Amino acid sequence: MALYLKPPYAFLALIPSNIIGEMWVGVTLAVVVELVPSYIRTSTVAVYLFISTNIGGNSPLLVTPLRKATSFRTALTILFPGLYVAGSLLFVLTLLVLRRDIKKVKQEEEERQLLLNQGEDPEESGKSYGAQRT
């Protein structure tokens, strides 16, 4: 929207985007930290920051080829709000995957509890504790 407004209003239109648009950074770091074991958290955060900085930091290089194919305004529209939409879709995909994994863990926990109530050791019966990746 800010790309289509005149200068004083364009800057004002960017305020909500800058306030709300960067909230994903803290959420993503919290998810990354919570999903990995404690002994590799530091390395995982370092790899995450390295990748996000390299991808995000190099996205202005895409403006020139897109500008040659379209107009400058269209190139900026694709790269600025377009990448926010792509990030939102990836967050929704992650939400669906995490819900599936949580259901698997709950199911395995119920099976483990059932085996414990029956007096069997889950390790002896071939069941492992925790989510298994397929």
# chains A, B, ... in the order shown; residues from 1 in each chain; ligands from 1
>>> residues_around(residues="Leu79 of chain A", least_positions_apart="5", cutoff="12 Å", atoms="only C-alpha atoms", output="JSON, numbers by chain")
{"A": [3, 56, 58, 59, 60, 61, 62, 63, 64, 65, 66, 67, 72, 73, 74, 84, 85, 86, 87]}
>>> write_last_selection(atoms="N, CA, C and O atoms", output="PDB file, in the first residue's frame")
ATOM      1  N   LEU A   3       3.616   1.732  -1.354  1.00  0.00           N
ATOM      2  CA  LEU A   3       4.237   1.981  -2.654  1.00  0.00           C
ATOM      3  C   LEU A   3       3.349   2.800  -3.578  1.00  0.00           C
ATOM      4  O   LEU A   3       3.819   3.354  -4.559  1.00  0.00           O
ATOM      5  N   GLY A  56      17.574 -13.191   3.459  1.00  0.00           N
ATOM      6  CA  GLY A  56      16.959 -11.866   3.564  1.00  0.00           C
ATOM      7  C   GLY A  56      17.892 -10.744   3.151  1.00  0.00           C
ATOM      8  O   GLY A  56      17.479  -9.763   2.538  1.00  0.00           O
ATOM      9  N   ASN A  58      20.240 -10.836   0.944  1.00  0.00           N
ATOM     10  CA  ASN A  58      20.523 -10.838  -0.488  1.00  0.00           C
ATOM     11  C   ASN A  58      19.283 -10.633  -1.353  1.00  0.00           C
ATOM     12  O   ASN A  58      19.394 -10.594  -2.573  1.00  0.00           O
ATOM     13  N   SER A  59      18.108 -10.501  -0.746  1.00  0.00           N
ATOM     14  CA  SER A  59      16.901 -10.308  -1.553  1.00  0.00           C
ATOM     15  C   SER A  59      16.890  -8.987  -2.326  1.00  0.00           C
ATOM     16  O   SER A  59      16.281  -8.938  -3.394  1.00  0.00           O
ATOM     17  N   PRO A  60      17.558  -7.909  -1.881  1.00  0.00           N
ATOM     18  CA  PRO A  60      17.605  -6.717  -2.737  1.00  0.00           C
ATOM     19  C   PRO A  60      18.304  -6.941  -4.080  1.00  0.00           C
ATOM     20  O   PRO A  60      18.088  -6.190  -5.025  1.00  0.00           O
ATOM     21  N   LEU A  61      19.103  -7.992  -4.175  1.00  0.00           N
ATOM     22  CA  LEU A  61      19.738  -8.305  -5.462  1.00  0.00           C
ATOM     23  C   LEU A  61      18.723  -8.744  -6.512  1.00  0.00           C
ATOM     24  O   LEU A  61      19.003  -8.707  -7.705  1.00  0.00           O
ATOM     25  N   LEU A  62      17.531  -9.159  -6.056  1.00  0.00           N
ATOM     26  CA  LEU A  62      16.497  -9.592  -6.988  1.00  0.00           C
ATOM     27  C   LEU A  62      15.727  -8.425  -7.601  1.00  0.00           C
ATOM     28  O   LEU A  62      14.973  -8.616  -8.552  1.00  0.00           O
ATOM     29  N   VAL A  63      15.891  -7.228  -7.063  1.00  0.00           N
ATOM     30  CA  VAL A  63      15.138  -6.077  -7.566  1.00  0.00           C
ATOM     31  C   VAL A  63      15.506  -5.780  -9.021  1.00  0.00           C
ATOM     32  O   VAL A  63      14.626  -5.553  -9.855  1.00  0.00           O
ATOM     33  N   THR A  64      16.774  -5.795  -9.348  1.00  0.00           N
ATOM     34  CA  THR A  64      17.211  -5.439 -10.698  1.00  0.00           C
ATOM     35  C   THR A  64      16.669  -6.389 -11.762  1.00  0.00           C
ATOM     36  O   THR A  64      16.096  -5.929 -12.756  1.00  0.00           O
ATOM     37  N   PRO A  65      16.781  -7.715 -11.594  1.00  0.00           N
ATOM     38  CA  PRO A  65      16.204  -8.590 -12.624  1.00  0.00           C
ATOM     39  C   PRO A  65      14.680  -8.466 -12.716  1.00  0.00           C
ATOM     40  O   PRO A  65      14.122  -8.511 -13.817  1.00  0.00           O
ATOM     41  N   LEU A  66      14.015  -8.307 -11.573  1.00  0.00           N
ATOM     42  CA  LEU A  66      12.560  -8.137 -11.618  1.00  0.00           C
ATOM     43  C   LEU A  66      12.170  -6.806 -12.245  1.00  0.00           C
ATOM     44  O   LEU A  66      11.151  -6.703 -12.922  1.00  0.00           O
ATOM     45  N   ARG A  67      12.975  -5.772 -12.013  1.00  0.00           N
ATOM     46  CA  ARG A  67      12.683  -4.463 -12.593  1.00  0.00           C
ATOM     47  C   ARG A  67      12.818  -4.514 -14.113  1.00  0.00           C
ATOM     48  O   ARG A  67      12.065  -3.868 -14.840  1.00  0.00           O
ATOM     49  N   PHE A  72       9.614  -1.026 -11.747  1.00  0.00           N
ATOM     50  CA  PHE A  72      10.281  -0.932 -10.449  1.00  0.00           C
ATOM     51  C   PHE A  72       9.269  -1.107  -9.325  1.00  0.00           C
ATOM     52  O   PHE A  72       9.520  -1.813  -8.347  1.00  0.00           O
ATOM     53  N   ARG A  73       8.109  -0.472  -9.452  1.00  0.00           N
ATOM     54  CA  ARG A  73       7.070  -0.567  -8.422  1.00  0.00           C
ATOM     55  C   ARG A  73       6.567  -2.009  -8.286  1.00  0.00           C
ATOM     56  O   ARG A  73       6.351  -2.500  -7.181  1.00  0.00           O
ATOM     57  N   THR A  74       6.388  -2.705  -9.399  1.00  0.00           N
ATOM     58  CA  THR A  74       5.927  -4.091  -9.352  1.00  0.00           C
ATOM     59  C   THR A  74       6.974  -4.992  -8.716  1.00  0.00           C
ATOM     60  O   THR A  74       6.646  -5.889  -7.939  1.00  0.00           O
ATOM     61  N   TYR A  84       6.319 -11.390   2.507  1.00  0.00           N
ATOM     62  CA  TYR A  84       5.567 -11.519   3.763  1.00  0.00           C
ATOM     63  C   TYR A  84       4.463 -12.568   3.616  1.00  0.00           C
ATOM     64  O   TYR A  84       4.227 -13.375   4.521  1.00  0.00           O
ATOM     65  N   VAL A  85       3.788 -12.563   2.486  1.00  0.00           N
ATOM     66  CA  VAL A  85       2.735 -13.561   2.244  1.00  0.00           C
ATOM     67  C   VAL A  85       3.351 -14.959   2.163  1.00  0.00           C
ATOM     68  O   VAL A  85       2.812 -15.914   2.734  1.00  0.00           O
ATOM     69  N   ALA A  86       4.476 -15.091   1.484  1.00  0.00           N
ATOM     70  CA  ALA A  86       5.148 -16.388   1.397  1.00  0.00           C
ATOM     71  C   ALA A  86       5.574 -16.867   2.790  1.00  0.00           C
ATOM     72  O   ALA A  86       5.412 -18.050   3.129  1.00  0.00           O
ATOM     73  N   GLY A  87       6.092 -15.963   3.615  1.00  0.00           N
ATOM     74  CA  GLY A  87       6.451 -16.323   4.991  1.00  0.00           C
ATOM     75  C   GLY A  87       5.248 -16.744   5.811  1.00  0.00           C
ATOM     76  O   GLY A  87       5.313 -17.683   6.607  1.00  0.00           O
TER      77      GLY A  87
END
>>> atom_distance(atom1="atom CA of Trp24 of chain A", atom2="atom CA of Leu90 of chain A")
11.5 Å
>>> closest_residue(among="A:Ile102, A:Ile40, A:Leu14, A:Val97", to="Met1 of chain A", atoms="only C-alpha atoms")
A:Leu14
>>> residues_around(residues="Thr42 of chain A", least_positions_apart="6", cutoff="12 Å", atoms="only C-alpha atoms", output="VMD selection string")
chain A and resid 29 32 to 34 36 48 to 49
>>> select_by_dssp(residues="chain A", states="alpha helix (DSSP H)", output="NGL selection string")
:A and (7-21 or 24-35 or 41-58 or 63-69 or 72-79 or 81-117)
>>> write_last_selection(atoms="C-alpha atoms", output="mmCIF file, in the first residue's frame")
data_model
loop_
_atom_site.group_PDB
_atom_site.id
_atom_site.type_symbol
_atom_site.label_atom_id
_atom_site.label_comp_id
_atom_site.auth_asym_id
_atom_site.auth_seq_id
_atom_site.Cartn_x
_atom_site.Cartn_y
_atom_site.Cartn_z
ATOM 1 C CA PRO A 7 5.400 10.674 0.218
ATOM 2 C CA PRO A 8 4.006 11.876 3.556
ATOM 3 C CA TYR A 9 1.272 9.231 3.574
ATOM 4 C CA ALA A 10 3.568 6.495 2.302
ATOM 5 C CA PHE A 11 5.754 6.840 5.404
ATOM 6 C CA LEU A 12 2.710 6.786 7.691
ATOM 7 C CA ALA A 13 1.412 3.651 5.972
ATOM 8 C CA LEU A 14 4.691 1.891 6.792
ATOM 9 C CA ILE A 15 4.276 2.316 10.569
ATOM 10 C CA PRO A 16 1.807 -0.582 11.100
ATOM 11 C CA SER A 17 3.798 -2.770 8.748
ATOM 12 C CA ASN A 18 7.014 -2.163 10.670
ATOM 13 C CA ILE A 19 5.358 -2.696 14.049
ATOM 14 C CA ILE A 20 3.465 -5.870 13.154
ATOM 15 C CA GLY A 21 5.649 -7.150 10.338
ATOM 16 C CA TRP A 24 7.764 -13.174 13.388
ATOM 17 C CA VAL A 25 11.441 -12.914 14.398
ATOM 18 C CA GLY A 26 10.816 -13.572 18.085
ATOM 19 C CA VAL A 27 8.235 -16.268 17.405
ATOM 20 C CA THR A 28 10.517 -18.096 14.992
ATOM 21 C CA LEU A 29 13.469 -18.002 17.366
ATOM 22 C CA ALA A 30 11.283 -19.331 20.196
ATOM 23 C CA VAL A 31 10.040 -22.186 17.993
ATOM 24 C CA VAL A 32 13.569 -23.036 16.844
ATOM 25 C CA VAL A 33 14.865 -23.080 20.428
ATOM 26 C CA GLU A 34 11.982 -25.218 21.704
ATOM 27 C CA LEU A 35 12.129 -27.814 18.928
ATOM 28 C CA ARG A 41 20.432 -25.077 20.663
ATOM 29 C CA THR A 42 23.294 -22.642 20.228
ATOM 30 C CA SER A 43 24.384 -24.182 16.951
ATOM 31 C CA THR A 44 20.800 -24.336 15.696
ATOM 32 C CA VAL A 45 20.187 -20.656 16.443
ATOM 33 C CA ALA A 46 23.485 -19.784 14.739
ATOM 34 C CA VAL A 47 22.544 -21.751 11.613
ATOM 35 C CA TYR A 48 19.041 -20.227 11.596
ATOM 36 C CA LEU A 49 20.409 -16.671 11.864
ATOM 37 C CA PHE A 50 23.039 -17.384 9.207
ATOM 38 C CA ILE A 51 20.449 -18.694 6.747
ATOM 39 C CA SER A 52 17.854 -15.986 7.406
ATOM 40 C CA THR A 53 20.468 -13.240 7.154
ATOM 41 C CA ASN A 54 21.869 -14.573 3.899
ATOM 42 C CA ILE A 55 18.478 -15.099 2.269
ATOM 43 C CA GLY A 56 16.959 -11.866 3.564
ATOM 44 C CA GLY A 57 20.119 -9.847 3.134
ATOM 45 C CA ASN A 58 20.523 -10.838 -0.488
ATOM 46 C CA VAL A 63 15.138 -6.077 -7.566
ATOM 47 C CA THR A 64 17.211 -5.439 -10.698
ATOM 48 C CA PRO A 65 16.204 -8.590 -12.624
ATOM 49 C CA LEU A 66 12.560 -8.137 -11.618
ATOM 50 C CA ARG A 67 12.683 -4.463 -12.593
ATOM 51 C CA LYS A 68 13.928 -5.410 -16.055
ATOM 52 C CA ALA A 69 11.062 -7.896 -16.446
ATOM 53 C CA PHE A 72 10.281 -0.932 -10.449
ATOM 54 C CA ARG A 73 7.070 -0.567 -8.422
ATOM 55 C CA THR A 74 5.927 -4.091 -9.352
ATOM 56 C CA ALA A 75 9.313 -5.532 -8.413
ATOM 57 C CA LEU A 76 9.125 -3.890 -4.995
ATOM 58 C CA THR A 77 5.535 -5.071 -4.556
ATOM 59 C CA ILE A 78 6.580 -8.644 -5.302
ATOM 60 C CA LEU A 79 9.555 -8.552 -2.953
ATOM 61 C CA PRO A 81 4.537 -7.750 0.602
ATOM 62 C CA GLY A 82 4.970 -10.835 -1.560
ATOM 63 C CA LEU A 83 7.669 -12.285 0.674
ATOM 64 C CA TYR A 84 5.567 -11.519 3.763
ATOM 65 C CA VAL A 85 2.735 -13.561 2.244
ATOM 66 C CA ALA A 86 5.148 -16.388 1.397
ATOM 67 C CA GLY A 87 6.451 -16.323 4.991
ATOM 68 C CA SER A 88 2.895 -16.431 6.315
ATOM 69 C CA LEU A 89 2.149 -19.493 4.205
ATOM 70 C CA LEU A 90 5.266 -21.203 5.540
ATOM 71 C CA PHE A 91 4.147 -20.428 9.116
ATOM 72 C CA VAL A 92 0.742 -22.024 8.398
ATOM 73 C CA LEU A 93 2.462 -25.085 6.936
ATOM 74 C CA THR A 94 4.649 -25.324 10.042
ATOM 75 C CA LEU A 95 1.564 -25.040 12.246
ATOM 76 C CA LEU A 96 -0.045 -27.984 10.461
ATOM 77 C CA VAL A 97 3.103 -30.105 10.770
ATOM 78 C CA LEU A 98 3.451 -29.295 14.471
ATOM 79 C CA ARG A 99 -0.194 -30.177 15.127
ATOM 80 C CA ARG A 100 0.369 -33.535 13.453
ATOM 81 C CA ASP A 101 3.482 -34.162 15.555
ATOM 82 C CA ILE A 102 1.690 -33.170 18.764
ATOM 83 C CA LYS A 103 -1.099 -35.645 17.975
ATOM 84 C CA LYS A 104 1.494 -38.393 17.425
ATOM 85 C CA VAL A 105 3.203 -37.632 20.733
ATOM 86 C CA LYS A 106 -0.125 -37.638 22.604
ATOM 87 C CA GLN A 107 -1.071 -40.939 21.001
ATOM 88 C CA GLU A 108 2.252 -42.503 21.966
ATOM 89 C CA GLU A 109 1.924 -41.101 25.482
ATOM 90 C CA GLU A 110 -1.535 -42.689 25.808
ATOM 91 C CA GLU A 111 -0.181 -46.030 24.566
ATOM 92 C CA ARG A 112 2.704 -45.783 27.021
ATOM 93 C CA GLN A 113 0.340 -44.967 29.879
ATOM 94 C CA LEU A 114 -1.885 -47.897 28.904
ATOM 95 C CA LEU A 115 1.107 -50.255 28.924
ATOM 96 C CA LEU A 116 2.228 -48.917 32.303
ATOM 97 C CA ASN A 117 -1.260 -49.472 33.703
#
>>> decode(residues="segment 4-17 of chain A", atoms="N, CA, C and O atoms", output="PDB file, in the first residue's frame")
ATOM      1  N   TYR A   4       2.065   2.883  -3.272  1.00  0.00           N
ATOM      2  CA  TYR A   4       1.130   3.565  -4.146  1.00  0.00           C
ATOM      3  C   TYR A   4       0.643   4.895  -3.588  1.00  0.00           C
ATOM      4  O   TYR A   4      -0.183   5.547  -4.202  1.00  0.00           O
ATOM      5  N   LEU A   5       1.152   5.311  -2.435  1.00  0.00           N
ATOM      6  CA  LEU A   5       0.756   6.582  -1.830  1.00  0.00           C
ATOM      7  C   LEU A   5       1.813   7.647  -2.071  1.00  0.00           C
ATOM      8  O   LEU A   5       2.973   7.352  -2.345  1.00  0.00           O
ATOM      9  N   LYS A   6       1.414   8.904  -1.926  1.00  0.00           N
ATOM     10  CA  LYS A   6       2.348  10.027  -2.044  1.00  0.00           C
ATOM     11  C   LYS A   6       3.221  10.079  -0.783  1.00  0.00           C
ATOM     12  O   LYS A   6       2.849   9.577   0.271  1.00  0.00           O
ATOM     13  N   PRO A   7       4.392  10.731  -0.839  1.00  0.00           N
ATOM     14  CA  PRO A   7       5.400  10.674   0.218  1.00  0.00           C
ATOM     15  C   PRO A   7       4.964  10.852   1.675  1.00  0.00           C
ATOM     16  O   PRO A   7       5.304   9.998   2.460  1.00  0.00           O
ATOM     17  N   PRO A   8       4.242  11.859   2.109  1.00  0.00           N
ATOM     18  CA  PRO A   8       4.006  11.876   3.556  1.00  0.00           C
ATOM     19  C   PRO A   8       3.139  10.712   4.021  1.00  0.00           C
ATOM     20  O   PRO A   8       3.338  10.153   5.085  1.00  0.00           O
ATOM     21  N   TYR A   9       2.186  10.305   3.193  1.00  0.00           N
ATOM     22  CA  TYR A   9       1.272   9.231   3.574  1.00  0.00           C
ATOM     23  C   TYR A   9       1.920   7.848   3.397  1.00  0.00           C
ATOM     24  O   TYR A   9       1.549   6.902   4.079  1.00  0.00           O
ATOM     25  N   ALA A  10       2.863   7.761   2.498  1.00  0.00           N
ATOM     26  CA  ALA A  10       3.568   6.495   2.302  1.00  0.00           C
ATOM     27  C   ALA A  10       4.348   6.125   3.561  1.00  0.00           C
ATOM     28  O   ALA A  10       4.362   4.965   3.974  1.00  0.00           O
ATOM     29  N   PHE A  11       4.992   7.107   4.187  1.00  0.00           N
ATOM     30  CA  PHE A  11       5.754   6.840   5.404  1.00  0.00           C
ATOM     31  C   PHE A  11       4.827   6.460   6.553  1.00  0.00           C
ATOM     32  O   PHE A  11       5.147   5.582   7.358  1.00  0.00           O
ATOM     33  N   LEU A  12       3.670   7.114   6.637  1.00  0.00           N
ATOM     34  CA  LEU A  12       2.710   6.786   7.691  1.00  0.00           C
ATOM     35  C   LEU A  12       2.120   5.386   7.495  1.00  0.00           C
ATOM     36  O   LEU A  12       1.836   4.685   8.467  1.00  0.00           O
ATOM     37  N   ALA A  13       1.951   4.985   6.249  1.00  0.00           N
ATOM     38  CA  ALA A  13       1.412   3.651   5.972  1.00  0.00           C
ATOM     39  C   ALA A  13       2.405   2.554   6.346  1.00  0.00           C
ATOM     40  O   ALA A  13       2.014   1.407   6.557  1.00  0.00           O
ATOM     41  N   LEU A  14       3.688   2.882   6.432  1.00  0.00           N
ATOM     42  CA  LEU A  14       4.691   1.891   6.792  1.00  0.00           C
ATOM     43  C   LEU A  14       4.753   1.612   8.290  1.00  0.00           C
ATOM     44  O   LEU A  14       5.313   0.602   8.711  1.00  0.00           O
ATOM     45  N   ILE A  15       4.191   2.491   9.113  1.00  0.00           N
ATOM     46  CA  ILE A  15       4.276   2.316  10.569  1.00  0.00           C
ATOM     47  C   ILE A  15       3.635   1.011  11.021  1.00  0.00           C
ATOM     48  O   ILE A  15       4.278   0.221  11.721  1.00  0.00           O
ATOM     49  N   PRO A  16       2.369   0.707  10.658  1.00  0.00           N
ATOM     50  CA  PRO A  16       1.807  -0.582  11.100  1.00  0.00           C
ATOM     51  C   PRO A  16       2.574  -1.784  10.560  1.00  0.00           C
ATOM     52  O   PRO A  16       2.746  -2.778  11.254  1.00  0.00           O
ATOM     53  N   SER A  17       3.041  -1.674   9.335  1.00  0.00           N
ATOM     54  CA  SER A  17       3.798  -2.770   8.748  1.00  0.00           C
ATOM     55  C   SER A  17       5.084  -3.032   9.529  1.00  0.00           C
ATOM     56  O   SER A  17       5.448  -4.182   9.767  1.00  0.00           O
TER      57      SER A  17
END
